[in-house]
Each structure stands twice: as structure tokens, then as C-alpha cells.
Amino acid sequence: MIRNIVFTLTTIVATGLTPLFAGSQQSIATESEKNSFGYLLYSDDSVDIWWSSGTFRIMPDTPRPEKEGDTILLKMARNEYESAQIVVRSRKPLRNARVEVGELTGAGGTVKTGESTLRKVEYVYVSKPTDSYGSKGWWPDPLPLVEGPVNLEAGINNTFFITFHTPPHRRAGKYHGDITLSWNNFKKTIPATAEVWNFSLPDVPSIRSGFGLSYDKIAAYHNITGREELEKCYDLYMEQFRRYRIAPYYPHALAPARDSVTGILWKGGLFEENPGGAGLTMLIDDDDATRNIKAEYILPVTVSPESEYLLEWRARTDKADQQFCVLLEGYNAEGDKLIFENRMEVFTGSERWKNYRFASGNPGQDVSYYRLTIFPVFRTEAGENTGKAWFDDIRLTTTGSRANLLEQGEFDIDPDAVDVIFDFSRFDIALSRYLDDFGFNSFRIDLPGMGSGTYYSRNEGRYGGFRQGTVIYNKLMMSYLSQIEAHLREKGWLDRVYVYWFDEPGRIDYPFVREGMEIIRRGAPEISTFLTENDPGPEIMDVTDISCTIWHRIDPDKARMVKEMGNEYWSYLCTAPKHPWLSEFIDHDGINLRMWLWGTWAYDLDGILIWSTNYWTSRSASPPGYLQNPWEDPASYVQGYGWPLGKQTQWGNGDGRLFYPPNRNPGKDIRVFIEEPVPSFRLEQLREGIEDYEYLTLLKELASRLPQTAVYNEKLYNRAMDLITIPDSIFRDGKSYTKDAADLLNYRTEIALLIEELTNNVKTREDAVPVE
């Protein structure tokens, strides 16, 4: 029995779309896509209806296929997502059109409602092509869920993206159902069949991955008003990451491990050797013109309204006549800040050391304690002033007493007294959900004391106010690293973590990178280090456990050498490469991200990485406070790397954007959106590729067991070895690969049929999964 389900979510209306699509719209970027892979289901004088696989990218004016068919056919493993597209091209606008997807039934039961989704393929207008291979026009990418009736434009392809998911326990066999299209007095029922093969894909992908996600952009585009809303929304993104079989950089982004340093009573400054004598001085360096940098004495200083207080210190500034500020803030016994009980003065610095005094007088009657803060420059609301100042011998005393109320006013810090303590409570809750329950196979942690940088600039490591290489820095880092490693080992997460602290080093950075990697190895040798490289070579490839090279710079021989050392080798896509290489861009070949995984298999790589999935706006290109609308402008613009505000240089269409925000009018629609993000057509192709990779992995695993079986079938073994060696017709190198979805699907079917045959010879872990 088939029970029809009407999928409901968002009505898709594109007012005035037809005139925009008319005229000179390009068809498709590749010759293979012009072959109209698909099957015509119905045609009359008013409408054409056809279907294709989910890998074929359908442009607004893709011609209907010449081949005819009467049934939508999907082939899939257990625990796999598989998609088909239904296209409606009407001669006139259609109002209130409905698509009803029925449940699929077979000998193994029913493919239930929750195991399928219905989305609408929408188009974004490319006005600035990524390169000469791309072109202006409307390109398919966003895939919002469909709700209720939709309005279909005339004269263009209106495409619905239908995805079925079979759970691991689904019995193999054929499942049949109907998909019904209706509008006005028209109704067309289309048979659909899903053939489920007798093997299952794993819940945890075999290929490792790392994909960036900015919760700041989630907050801005979803109009988040508080932490609870942000946590709910972030969890919806994590759900999507799980469905698409990719791992986020930071599943614990909203719940990091909390570290604190004991034995040091100042924060915000940098301790340096006193060039004029013994001990330490404190440098406060305000190099940020957007905020006020400060140093704080972290302990409250108990005071009495009956006493007068005097603050004394020595200081120098890096510029003559540079002003700096000293602030004493008053608090009551309950710990409330008393807004108008500040004691603050401005002082004029000198390039030479000078003595200073601040007679703050008597505290107010309600003041029970002070907190001391020092600003190296004149403090303003905007924080535009910058400069450096050094301080030493800070003393807070009462009239008639020379006893210093500040325990470390002279920065006499005992190395034996410093240590790091952790609070893992929220960190563990988050990672238990996302690693243990969701099955993310990789995640990234930051080390607060490590340096950072890119080929453009770098920053030295600092921790607890001490520079990299100093005695106290080394002690703190070793304590931090050993504790985090031990905790991850105890939780069983050590094999999934990596530290990615430097990005794309230039050759000038190699000594700095090597020094940083050695710090990590001394303190936490079991935590994997990670390094992205534009120009990998022997000079740098030995310093990291995971090498990650931009796709067009991969040398298979170098990759093999790294893996022979026992290390992992990943690849990444970002602003590059451009055509003719595989890429992530909207206006390049639709099959690209699927083929990325076939190339990953062919090169025997271990992981994939894209720097962001929701890079929807650039602080450099956009005016302050402006949110670029990815539904209207697919171009990603450069941010950082020395770009001044207002300089608009394009990285490429869709770079760093695999999701769309549910808010289609960011900056103007101020409703709060606690909703899942909208996936892209490219993200669907990425998941298809990850699942293809699982087919190859399973076939290789089965073939490796054949020689140990009671009856060794050499013919089957050789067939398997042939199939897992990708032919040039599918993938030759990173810029020579098939663009034809039919070639790929036919090859995948060969693999699936051989897997089924081999399961009769070899017992695998999939055979142990119970079926209904």
C-alpha cells in the first residue's frame, strides 16, 4: 500500500523570473552536460516532464532529453542517500503546483516518510564569472525544502530534487512507489523504484574531513538574540553536517575546554626581561585600532573608605608624550560594580623610564574593593589609539604604610608556582554528542599558547603573558599539552583530533613552523599536527602528521612518500584551483565535488578540507555592518591578507559557501530563524562522492580477504583489483576526468554488483547488521 506524503516547508516563488531567464542564458558549462542525460516522462502541448539522476546539473534552459522512460529508478546501498530530479517545463505559469512523494514498499518493508526529502532547485545569478570558464547567467545551487504548493515559472526548467535514505537495517531488494505531480486540472502519477543492494555503508565515513563553519555568521544571518538560540541553531548545522557525511572543524565551538593559569596574577600584558636590572617588566601593546587593549590585576584589592590610597610605578612608552591611563574601579561587598566609583587618571609617558604617582584618595563609602586596569594609550570608546608602554614596580599602599597591597606588583613570578588547570565539563558534553553520537571522524582544537600565521603574516606564541621560548612559557605549554592529550585519550577521541595552527607557510616560515611543531610533539606526541601547504616539499613535509595540499599542487609521488612515513595526506579546495582543475565553484562543472572523491581515491589520500561552509560576507569588501546576500550574489570576496576596507577582489562564486542561510533577505528581514541551513547542489555532489568512496573502500576490503577464504576465487579478486584501480576514462588526473554522470553511475553499478557477489565469499561487518 502506498501512502502519499505532501512535503511541506517553504513556498518557492520567483516573481519576475521569466524575463530574467529569457534571451541569452547559457545552457551548461560542459559538453557532456549538453547531452541531456535523463528520460522524458510526459509531454504534451502545454508541458514537458522528465527526470534525471541527482548528479546531472539542470540549467534553466537545459533541453528535454530525447530518450523516453516511464519509471524513476534509483540504485543504492543500505544506509545511503540517493537522489533523482524531476523537471517540469510549462508553456505557461503554473499556480499552486504540488509534488507528492509516496512511500516506497517492497518485500523488506517500507521506505518511510522520514527517509526521504523533497527540495526545489533554485538558481543564483552569476554577474562576475569565477574565470573564463564560467559565464554570466543563472546557475542552479540552493536546494530549499519544499512546502505545500509552489508556483512554477513558464519557459524554464522547474526542478525538484528528491532524496531517499535507506537505513542500515533495510532489507535488500526493490521498493516501489509513486510520485504525483498536480496543478489545476492536471495530474500525473510517475512510478518510482529504488533498488537496494545487499550491503551497507558505514555510519562513520572512511574518508576524514575538515570543513569550516562560522557561528558569528550564523548569529548574524539568523538574527540570533541569545546564547540559547545560537546553541539550538548551531546544533541544526551539526545535524546537516552529519547528513552530508562531513566533519566540522569545531563541533565544540560553543563549548571549548576552559583553561586558566595559576600563579600569575596579571593578564593582558607580556612579561619581558628588565634590560636595566633584575626581574621582569610588563609590556602592554595596543596594536588594534578597533578596541582598547589593557592589562589587569586579576585579584580584587580590599580597601577601606577610611584610608587614602596611593598607586606608584615606573613606566616608559615607545613614543614621547604618549598618554596612558590607570583605572581603579570600585565594587561593593556583593561584587557589584559601582559605576560612578571609578578613580582614573591620564599620564604622559616618556621614552625613558620615569616614576609616577596616582593619589586616588579615599574610596566611596560603599566601596569594598578595587580592581586595577592599565591602558597603554589614551582610552576612548572606539579604541582607535595605539601604542606600547612598559610598567614595573607597581605599588598600591595606604597613607602611613609601605606595605604593597598587590602581591605581584614587581612581577616576581615563581616558575614553580605556575600551572594550568582545566574545566572540561561543557567540552565533554558537546563532543560526546558530536563525536560519539553523530560520528564525526575528525575535529580540530586550538592551543591558546601556540603561534599562528599564514604566508602573509605570523604571530609568535604567548601563554600566561610569556613569550614562546621562555622558561615559564615552556612549563605552561607542557602542562597544557599533556593534560589535553591525557583527557582526549581517556575519552577515546585522540585518534580524531588534530591541531591546525599555521596555514600555507611560505619558505621563510619553515623554521618557525618547525619550532612550533616541536613544541606540540614534546608536550603531546599523540595529538596529530596538521599543515596546509601550497608548495609541499622535503623541507617541510616531515614536520606534521597530516599534510594537506591544495588540489592542483598535489604530486602523487610526494603523497606516497608521506604515507610511507606513516602520516596522512589530505587535499583542500579554496579560492583555487580554477579551471581546468577540479574546483568548488558554482559556475564550474556540476560534477566536480563528486569527482574530488574519485581523485582522492586514485591518489590514495586520507582526507578532504574546505575552509568554510558559510562564508556569506566579507568584512573587507562589504561596508561596515552590511550583510551580503548569497541568494542574490554568489561571489565570495577576499577578506584580510592586507586588503583595505572597500577593496573588492573576488575569490570565486561559491567559494567557502556550501550552505545558504534560511533568511533570504539578511539585514532587512529581522525575524529570528531557528532553522536548519539550506544545502547546495554542490554539497549534494560532495556527499555522493563520499559515498562512492565507501563503495571503493568496501570493495578493496572484501578483495583483501579473498585470499584467506576457503575457496580462493582468483577471477573475482582480479576483477576487484581492476575496478578499484580507477581507469583514465573516469579519472586520469586533477584536471582530466569524466564530466558525464552516466559514466560515473555505470562504473559505480559495476562496483556494487561485484560487492554483492563478493559478500557470498567473504563475511564482512555489514553482514552482521540485522535486517527487518
# chains A, B, ... in the order shown; residues from 1 in each chain; ligands from 1

$ residues_around --residues "Tyr133 in chain A" --least-positions-apart "3" --cutoff "9 Å" --atoms "only C-alpha atoms" --output "list in words"
Ala29, Pro129, Thr130, Lys578, His579, Pro580, Asp587 and His588 of chain A

$ residues_around --residues "His552 in chain A" --least-positions-apart "3" --cutoff "9 Å" --atoms "only C-alpha atoms" --output "PyMOL selection string"
chain A and resi 549+555+573+576-578+581-582+734-735

$ residues_around --residues "Phe424 in chain A" --least-positions-apart "6" --cutoff "10 Å" --atoms "only C-alpha atoms" --output "ChimeraX atom specification"
/A:255-259,484,487

$ write_last_selection --atoms "N, CA and C atoms" --output "short mmCIF file (atom, residue, chain, number, x, y, z; two decimals), in the first residue's frame"
data_model
loop_
_atom_site.label_atom_id
_atom_site.label_comp_id
_atom_site.auth_asym_id
_atom_site.auth_seq_id
_atom_site.Cartn_x
_atom_site.Cartn_y
_atom_site.Cartn_z
N ALA A 255 31.45 25.36 23.09
CA ALA A 255 31.74 24.75 24.39
C ALA A 255 33.20 24.32 24.45
N PRO A 256 34.13 25.26 24.33
CA PRO A 256 35.55 24.90 24.37
C PRO A 256 35.98 24.46 25.76
N ALA A 257 37.09 23.72 25.80
CA ALA A 257 37.71 23.42 27.09
C ALA A 257 38.22 24.73 27.69
N ARG A 258 37.91 24.95 28.96
CA ARG A 258 38.31 26.20 29.63
C ARG A 258 39.61 25.99 30.38
N ASP A 259 40.62 26.74 30.03
CA ASP A 259 41.90 26.66 30.73
C ASP A 259 42.15 27.96 31.48
N ILE A 484 45.62 18.03 28.02
CA ILE A 484 44.61 17.88 26.96
C ILE A 484 44.77 16.54 26.27
N HIS A 487 43.36 13.81 28.54
CA HIS A 487 41.90 13.83 28.59
C HIS A 487 41.30 13.24 27.32
#

$ select_by_dssp --residues "range 444-480 of chain A" --states "strand (DSSP E or B)" --output "JSON, numbers by chain"
{"A": [444, 452, 453, 454, 458, 459, 462, 463, 466, 467]}

$ residues_around --residues "Leu627 in chain A" --least-positions-apart "2" --cutoff "10 Å" --atoms "only C-alpha atoms" --output "NGL selection string"
:A and (217 or 220-221 or 616-619 or 622-625 or 629-630 or 665-668)

$ residues_around --residues "Ile690 in chain A" --least-positions-apart "2" --cutoff "9 Å" --atoms "only C-alpha atoms" --output "ChimeraX atom specification"
/A:205-207,244-246,594,597-598,685-688,692-694

$ write_last_selection --atoms "N, CA and C atoms" --output "PDB file, in the first residue's frame"
ATOM      1  N   PRO A 205      32.152   7.898   8.106  1.00  0.00           N
ATOM      2  CA  PRO A 205      32.823   7.811   6.811  1.00  0.00           C
ATOM      3  C   PRO A 205      34.264   7.326   6.929  1.00  0.00           C
ATOM      4  N   SER A 206      34.716   6.647   5.893  1.00  0.00           N
ATOM      5  CA  SER A 206      36.108   6.189   5.849  1.00  0.00           C
ATOM      6  C   SER A 206      37.055   7.335   5.529  1.00  0.00           C
ATOM      7  N   ILE A 207      36.559   8.306   4.795  1.00  0.00           N
ATOM      8  CA  ILE A 207      37.398   9.455   4.436  1.00  0.00           C
ATOM      9  C   ILE A 207      37.278  10.519   5.518  1.00  0.00           C
ATOM     10  N   TYR A 244      25.307  15.093   5.631  1.00  0.00           N
ATOM     11  CA  TYR A 244      26.147  15.181   4.430  1.00  0.00           C
ATOM     12  C   TYR A 244      27.513  14.533   4.621  1.00  0.00           C
ATOM     13  N   ARG A 245      27.686  13.853   5.743  1.00  0.00           N
ATOM     14  CA  ARG A 245      28.845  12.988   5.992  1.00  0.00           C
ATOM     15  C   ARG A 245      30.169  13.756   6.024  1.00  0.00           C
ATOM     16  N   ILE A 246      30.119  15.002   6.454  1.00  0.00           N
ATOM     17  CA  ILE A 246      31.337  15.789   6.588  1.00  0.00           C
ATOM     18  C   ILE A 246      31.529  16.185   8.048  1.00  0.00           C
ATOM     19  N   ARG A 594      31.882  15.766  -6.585  1.00  0.00           N
ATOM     20  CA  ARG A 594      31.797  14.296  -6.565  1.00  0.00           C
ATOM     21  C   ARG A 594      33.093  13.696  -7.080  1.00  0.00           C
ATOM     22  N   LEU A 597      36.291  13.207  -4.820  1.00  0.00           N
ATOM     23  CA  LEU A 597      36.488  11.996  -4.023  1.00  0.00           C
ATOM     24  C   LEU A 597      37.058  10.855  -4.861  1.00  0.00           C
ATOM     25  N   TRP A 598      36.701  10.789  -6.138  1.00  0.00           N
ATOM     26  CA  TRP A 598      37.316   9.775  -7.009  1.00  0.00           C
ATOM     27  C   TRP A 598      38.803  10.069  -7.182  1.00  0.00           C
ATOM     28  N   GLN A 685      26.603  16.848  -4.276  1.00  0.00           N
ATOM     29  CA  GLN A 685      27.601  16.119  -5.067  1.00  0.00           C
ATOM     30  C   GLN A 685      28.761  15.652  -4.187  1.00  0.00           C
ATOM     31  N   LEU A 686      29.107  16.460  -3.219  1.00  0.00           N
ATOM     32  CA  LEU A 686      30.164  16.058  -2.292  1.00  0.00           C
ATOM     33  C   LEU A 686      29.765  14.798  -1.538  1.00  0.00           C
ATOM     34  N   ARG A 687      28.530  14.757  -1.042  1.00  0.00           N
ATOM     35  CA  ARG A 687      28.079  13.551  -0.332  1.00  0.00           C
ATOM     36  C   ARG A 687      28.067  12.343  -1.260  1.00  0.00           C
ATOM     37  N   GLU A 688      27.613  12.536  -2.491  1.00  0.00           N
ATOM     38  CA  GLU A 688      27.641  11.431  -3.449  1.00  0.00           C
ATOM     39  C   GLU A 688      29.058  10.893  -3.606  1.00  0.00           C
ATOM     40  N   ASP A 692      30.524   7.230  -2.864  1.00  0.00           N
ATOM     41  CA  ASP A 692      31.279   6.472  -3.872  1.00  0.00           C
ATOM     42  C   ASP A 692      32.585   5.946  -3.277  1.00  0.00           C
ATOM     43  N   TYR A 693      33.227   6.800  -2.491  1.00  0.00           N
ATOM     44  CA  TYR A 693      34.479   6.403  -1.836  1.00  0.00           C
ATOM     45  C   TYR A 693      34.253   5.184  -0.939  1.00  0.00           C
ATOM     46  N   GLU A 694      33.087   5.122  -0.286  1.00  0.00           N
ATOM     47  CA  GLU A 694      32.770   3.967   0.560  1.00  0.00           C
ATOM     48  C   GLU A 694      32.613   2.695  -0.272  1.00  0.00           C
TER      49      GLU A 694
END

$ closest_residue --among "A:Pro168, A:Gly106, A:Gly590, A:Pro149" --to "Asn184 in chain A" --atoms "only C-alpha atoms"
A:Pro149

$ closest_residue --among "A:Pro679, A:Gly134, A:Gly689, A:Pro556" --to "Pro661 in chain A" --atoms "only C-alpha atoms"
A:Pro679

$ select_by_dssp --residues "range 644-737 of chain A" --states "helix (DSSP H, G or I)" --output "MDAnalysis selection string"
chainID A and resid 681:708 714:724
